[in-house]
$ cat protein27.cif   # mmCIF, C-alpha atoms
data_work
loop_
_atom_site.label_atom_id
_atom_site.label_comp_id
_atom_site.auth_asym_id
_atom_site.auth_seq_id
_atom_site.Cartn_x
_atom_site.Cartn_y
_atom_site.Cartn_z
CA MET A 1 -30.43 -50.19 46.31
CA GLU A 2 -28.99 -50.63 42.83
CA LEU A 3 -30.28 -48.70 39.82
CA ARG A 4 -29.62 -50.21 36.38
CA HIS A 5 -31.01 -50.49 32.86
CA ALA A 6 -33.66 -53.18 32.47
CA THR A 7 -33.15 -56.26 30.34
CA GLY A 8 -35.55 -58.86 29.02
CA ALA A 9 -34.77 -60.91 32.12
CA ASP A 10 -36.57 -58.23 34.19
CA ALA A 11 -39.80 -58.53 32.21
CA GLU A 12 -41.64 -60.79 34.65
CA ALA A 13 -40.81 -58.66 37.70
CA ILE A 14 -41.80 -55.47 35.86
CA ARG A 15 -44.99 -57.15 34.63
CA GLU A 16 -45.97 -58.18 38.17
CA ILE A 17 -45.55 -54.62 39.47
CA TYR A 18 -47.37 -53.07 36.52
CA ASN A 19 -50.24 -55.56 36.32
CA ARG A 20 -51.09 -54.95 39.98
CA GLU A 21 -51.51 -51.26 39.11
CA VAL A 22 -53.63 -52.20 36.08
CA THR A 23 -56.00 -54.48 37.96
CA GLU A 24 -56.18 -52.84 41.39
CA THR A 25 -55.62 -49.08 41.00
CA THR A 26 -56.19 -46.07 38.80
CA ASN A 27 -52.46 -45.26 38.75
CA THR A 28 -52.44 -46.29 35.08
CA PHE A 29 -55.21 -45.86 32.56
CA ASP A 30 -54.48 -49.36 31.16
CA ILE A 31 -57.29 -51.80 31.89
CA GLU A 32 -55.84 -55.03 30.45
CA PRO A 33 -52.92 -56.79 32.18
CA ARG A 34 -49.82 -57.39 30.05
CA SER A 35 -48.64 -60.84 29.05
CA LEU A 36 -44.99 -61.74 29.47
CA ALA A 37 -44.48 -61.47 25.69
CA GLU A 38 -46.05 -57.99 25.67
CA GLN A 39 -43.86 -56.90 28.58
CA LYS A 40 -40.70 -58.12 26.83
CA ALA A 41 -41.74 -56.26 23.67
CA TRP A 42 -42.41 -53.10 25.71
CA ILE A 43 -38.87 -53.23 27.14
CA ALA A 44 -37.36 -53.89 23.71
CA GLU A 45 -39.27 -50.92 22.19
CA ARG A 46 -37.55 -48.61 24.68
CA GLU A 47 -33.99 -49.77 24.04
CA GLY A 48 -31.72 -47.23 22.40
CA ALA A 49 -32.56 -43.56 22.89
CA LEU A 50 -35.37 -44.16 25.38
CA GLY A 51 -34.92 -46.63 28.22
CA VAL A 52 -36.23 -48.54 31.20
CA LEU A 53 -34.53 -48.45 34.59
CA VAL A 54 -35.06 -50.88 37.44
CA ALA A 55 -34.29 -50.45 41.11
CA GLU A 56 -33.15 -53.57 42.90
CA ILE A 57 -33.13 -54.19 46.62
CA ASP A 58 -31.41 -57.38 47.76
CA GLY A 59 -31.47 -58.71 44.19
CA ALA A 60 -35.21 -58.22 43.67
CA VAL A 61 -36.80 -55.61 41.39
CA ALA A 62 -38.47 -53.06 43.67
CA GLY A 63 -39.61 -50.66 40.97
CA PHE A 64 -39.09 -49.45 37.43
CA ALA A 65 -39.17 -46.23 35.45
CA SER A 66 -39.31 -45.61 31.73
CA LEU A 67 -38.99 -43.00 29.05
CA SER A 68 -41.47 -43.34 26.19
CA GLU A 69 -42.16 -41.49 23.00
CA PHE A 70 -44.38 -38.49 23.80
CA ARG A 71 -46.15 -38.34 20.42
CA PRO A 72 -45.37 -40.01 17.06
CA ARG A 73 -44.94 -36.84 14.96
CA PRO A 74 -41.34 -35.78 14.20
CA ALA A 75 -41.56 -32.37 15.88
CA TYR A 76 -42.06 -34.08 19.26
CA ARG A 77 -38.84 -36.17 19.10
CA THR A 78 -37.06 -34.12 21.78
CA THR A 79 -39.89 -34.64 24.27
CA VAL A 80 -40.36 -37.86 26.25
CA GLU A 81 -42.96 -39.12 28.68
CA SER A 82 -41.95 -40.58 32.03
CA SER A 83 -43.49 -43.40 34.03
CA VAL A 84 -42.52 -44.64 37.49
CA TYR A 85 -43.94 -47.64 39.33
CA VAL A 86 -42.84 -49.01 42.70
CA ALA A 87 -43.73 -52.41 44.11
CA GLU A 88 -46.23 -52.09 46.93
CA SER A 89 -43.80 -53.76 49.33
CA ALA A 90 -41.06 -51.20 48.56
CA ARG A 91 -43.07 -48.00 48.90
CA GLY A 92 -41.69 -45.44 51.32
CA ALA A 93 -38.10 -46.71 50.92
CA GLY A 94 -36.96 -44.00 48.47
CA VAL A 95 -37.26 -46.24 45.40
CA GLY A 96 -39.42 -43.77 43.46
CA ARG A 97 -37.06 -40.89 44.24
CA GLU A 98 -34.01 -42.85 43.05
CA LEU A 99 -35.79 -43.93 39.89
CA MET A 100 -36.83 -40.33 39.13
CA VAL A 101 -33.27 -39.05 39.61
CA GLY A 102 -31.97 -41.79 37.32
CA LEU A 103 -34.64 -41.17 34.69
CA VAL A 104 -33.95 -37.42 34.57
CA ASP A 105 -30.24 -38.19 34.27
CA VAL A 106 -30.81 -40.61 31.37
CA ALA A 107 -33.08 -38.15 29.56
CA THR A 108 -30.58 -35.32 30.01
CA LYS A 109 -27.59 -37.38 28.83
CA ARG A 110 -29.53 -38.55 25.78
CA GLY A 111 -30.24 -34.98 24.73
CA PHE A 112 -33.97 -34.69 25.33
CA HIS A 113 -35.35 -31.20 25.86
CA THR A 114 -38.27 -31.90 28.19
CA ILE A 115 -40.05 -34.67 30.08
CA VAL A 116 -43.82 -34.84 30.47
CA ALA A 117 -45.58 -36.91 33.13
CA ASN A 118 -49.28 -37.74 32.90
CA ILE A 119 -50.60 -38.63 36.36
CA ALA A 120 -54.08 -39.74 37.30
CA GLY A 121 -55.78 -37.03 39.34
CA GLY A 122 -55.85 -37.65 43.06
CA HIS A 123 -52.56 -39.53 43.17
CA GLU A 124 -50.86 -37.04 45.46
CA ALA A 125 -47.82 -39.24 46.20
CA SER A 126 -46.95 -39.39 42.51
CA ILE A 127 -47.52 -35.67 42.08
CA ALA A 128 -45.29 -34.97 45.11
CA LEU A 129 -42.59 -37.33 43.75
CA HIS A 130 -42.53 -35.50 40.42
CA HIS A 131 -42.61 -32.09 42.09
CA ALA A 132 -39.58 -33.05 44.21
CA ALA A 133 -37.79 -34.02 40.97
CA GLY A 134 -38.32 -30.57 39.49
CA PHE A 135 -41.57 -31.12 37.59
CA GLU A 136 -44.31 -28.48 37.55
CA ILE A 137 -48.02 -28.93 37.01
CA VAL A 138 -48.83 -27.40 33.63
CA GLY A 139 -52.48 -28.41 33.43
CA THR A 140 -55.27 -30.81 34.23
CA GLN A 141 -57.41 -32.57 31.67
CA ARG A 142 -60.81 -33.25 33.22
CA GLU A 143 -62.50 -36.65 33.05
CA VAL A 144 -60.47 -37.92 30.09
CA GLY A 145 -60.41 -41.54 31.28
CA ARG A 146 -62.82 -44.00 32.83
CA LYS A 147 -61.74 -46.91 34.97
CA MET A 148 -63.24 -48.86 37.86
CA GLY A 149 -66.53 -47.03 37.40
CA ALA A 150 -65.03 -43.57 37.86
CA TRP A 151 -64.10 -40.68 35.62
CA LEU A 152 -60.39 -39.87 35.85
CA ASP A 153 -58.64 -36.54 35.50
CA LEU A 154 -55.14 -36.38 34.09
CA VAL A 155 -52.65 -34.06 35.79
CA VAL A 156 -49.95 -33.02 33.33
CA MET A 157 -46.53 -32.26 34.79
CA GLN A 158 -43.40 -31.16 32.95
CA ARG A 159 -39.70 -30.71 33.58
CA MET A 160 -37.49 -28.74 31.20
CA LEU A 161 -34.05 -30.27 30.74
CA ALA A 162 -32.30 -27.85 28.40
#
$ encode --input "protein27.cif" --output "structure tokens"
Amino acid sequence: MELRHATGADAEAIREIYNREVTETTNTFDIEPRSLAEQKAWIAEREGALGVLVAEIDGAVAGFASLSEFRPRPAYRTTVESSVYVAESARGAGVGRELMVGLVDVATKRGFHTIVANIAGGHEASIALHHAAGFEIVGTQREVGRKMGAWLDLVVMQRMLA
């Protein structure tokens, strides 16, 4: 497995992984699939201080992880939000774990103070992945989203970096 920073050339592979989550699961609160242009713009928006990592297995993107702005106000600039998605075919192969380790490393090296993860309630694998990477549950927001005919809780996890 190779971990590296994403480029625009990875947009289609990232989009395929993400859009499956959008259309078939409650792992993301997005309800509209991304176009290729939107996915390229999303990667470009995270260049610089933030970032997108991809994990490759045998030359194919098996998952991706990103750091995003937590909130737009200046006082939040040292806090980032993490996201990790693994292709269905690569689950259970340690891809998520490697992406989390890489993401924490990037955030630490770039001087961020803390990482927040917002995880749909009931997604125990994602909660366990974050817990193993040093995140703690700091709260649950009840029924803040609605998707696929169900109300969704949001489990908030956090890892202090400095």
$ residues_around --input "protein27.cif" --residues "Glu45 in chain A" --least-positions-apart "5" --cutoff "12 Å" --atoms "only C-alpha atoms" --output "compact mmCIF listing (two decimals) with C-alpha atoms, keeping the file's coordinate frame"
# COMPACT_ATOMS: atom_id res chain seq x y z
CA ALA A 6 -33.66 -53.18 32.47
CA THR A 7 -33.15 -56.26 30.34
CA GLY A 8 -35.55 -58.86 29.02
CA GLU A 38 -46.05 -57.99 25.67
CA GLN A 39 -43.86 -56.90 28.58
CA LYS A 40 -40.70 -58.12 26.83
CA LEU A 50 -35.37 -44.16 25.38
CA GLY A 51 -34.92 -46.63 28.22
CA VAL A 52 -36.23 -48.54 31.20
CA SER A 66 -39.31 -45.61 31.73
CA LEU A 67 -38.99 -43.00 29.05
CA SER A 68 -41.47 -43.34 26.19
CA GLU A 69 -42.16 -41.49 23.00
$ resolve_selection --input "protein27.cif" --expression "the PyMOL selection byres ((chain A and resi 80) around 10)" --output "count of residues only"
21
$ closest_residue --input "protein27.cif" --among "A:Ser89, A:Val61, A:Pro33, A:Asn27" --to "Ile127 in chain A" --atoms "all atoms listed in the file"
A:Asn27
$ resolve_selection --input "protein27.cif" --expression "the PyMOL selection byres ((chain A and resi 128) around 12)" --output "list in words"
Gly96, Arg97, Met100, Ile119, Gly122, His123, Glu124, Ala125, Ser126, Ile127, Leu129, His130, His131, Ala132, Ala133, Gly134, Phe135, Glu136, Ile137, Val155 and Met157 of chain A
$ resolve_selection --input "protein27.cif" --expression "the PyMOL selection byres ((chain A and resi 10-17) around 9)" --output "list in words"
Ala6, Thr7, Gly8, Ala9, Tyr18, Asn19, Arg20, Glu21, Pro33, Arg34, Ser35, Leu36, Ala37, Gln39, Lys40, Trp42, Ile43, Val54, Ala60, Val61, Ala62, Gly63, Phe64, Tyr85, Val86, Ala87 and Glu88 of chain A
$ residues_around --input "protein27.cif" --residues "Gly149 in chain A" --least-positions-apart "6" --cutoff "12 Å" --atoms "only C-alpha atoms" --output "list in words"
Thr25, Thr26, Ile31 and Glu143 of chain A
$ write_last_selection --input "protein27.cif" --atoms "C-alpha atoms" --output "mmCIF file, keeping the file's coordinate frame"
data_model
loop_
_atom_site.group_PDB
_atom_site.id
_atom_site.type_symbol
_atom_site.label_atom_id
_atom_site.label_comp_id
_atom_site.auth_asym_id
_atom_site.auth_seq_id
_atom_site.Cartn_x
_atom_site.Cartn_y
_atom_site.Cartn_z
ATOM 1 C CA THR A 25 -55.620 -49.080 41.000
ATOM 2 C CA THR A 26 -56.190 -46.070 38.800
ATOM 3 C CA ILE A 31 -57.290 -51.800 31.890
ATOM 4 C CA GLU A 143 -62.500 -36.650 33.050
#
$ closest_atom_pairs --input "protein27.cif" --of "range 39-145 of chain A" --to "range 151-154 of chain A" --cutoff "7 Å" --atoms "only C-alpha atoms" --output "CSV"
residue,atom,partner,partner_atom,distance
A:Asn118,CA,A:Leu154,CA,6.1
A:Ile119,CA,A:Leu154,CA,5.6
A:Ala120,CA,A:Leu154,CA,4.8
A:Gly121,CA,A:Asp153,CA,4.8
A:Thr140,CA,A:Leu154,CA,5.6
A:Gln141,CA,A:Leu154,CA,5.1
A:Arg142,CA,A:Asp153,CA,4.6
A:Glu143,CA,A:Asp153,CA,4.6
A:Val144,CA,A:Asp153,CA,5.9
A:Gly145,CA,A:Leu152,CA,4.9
$ atom_distance --input "protein27.cif" --atom1 "CA of Gly102 in chain A" --atom2 "CA of Arg73 in chain A"
26.3 Å
$ atom_distance --input "protein27.cif" --atom1 "CA of Ala44 in chain A" --atom2 "CA of Ala65 in chain A"
14.1 Å
$ closest_residue --input "protein27.cif" --among "A:Val84, A:Met160, A:Leu99, A:Val22" --to "Lys147 in chain A" --atoms "all atoms listed in the file"
A:Val22
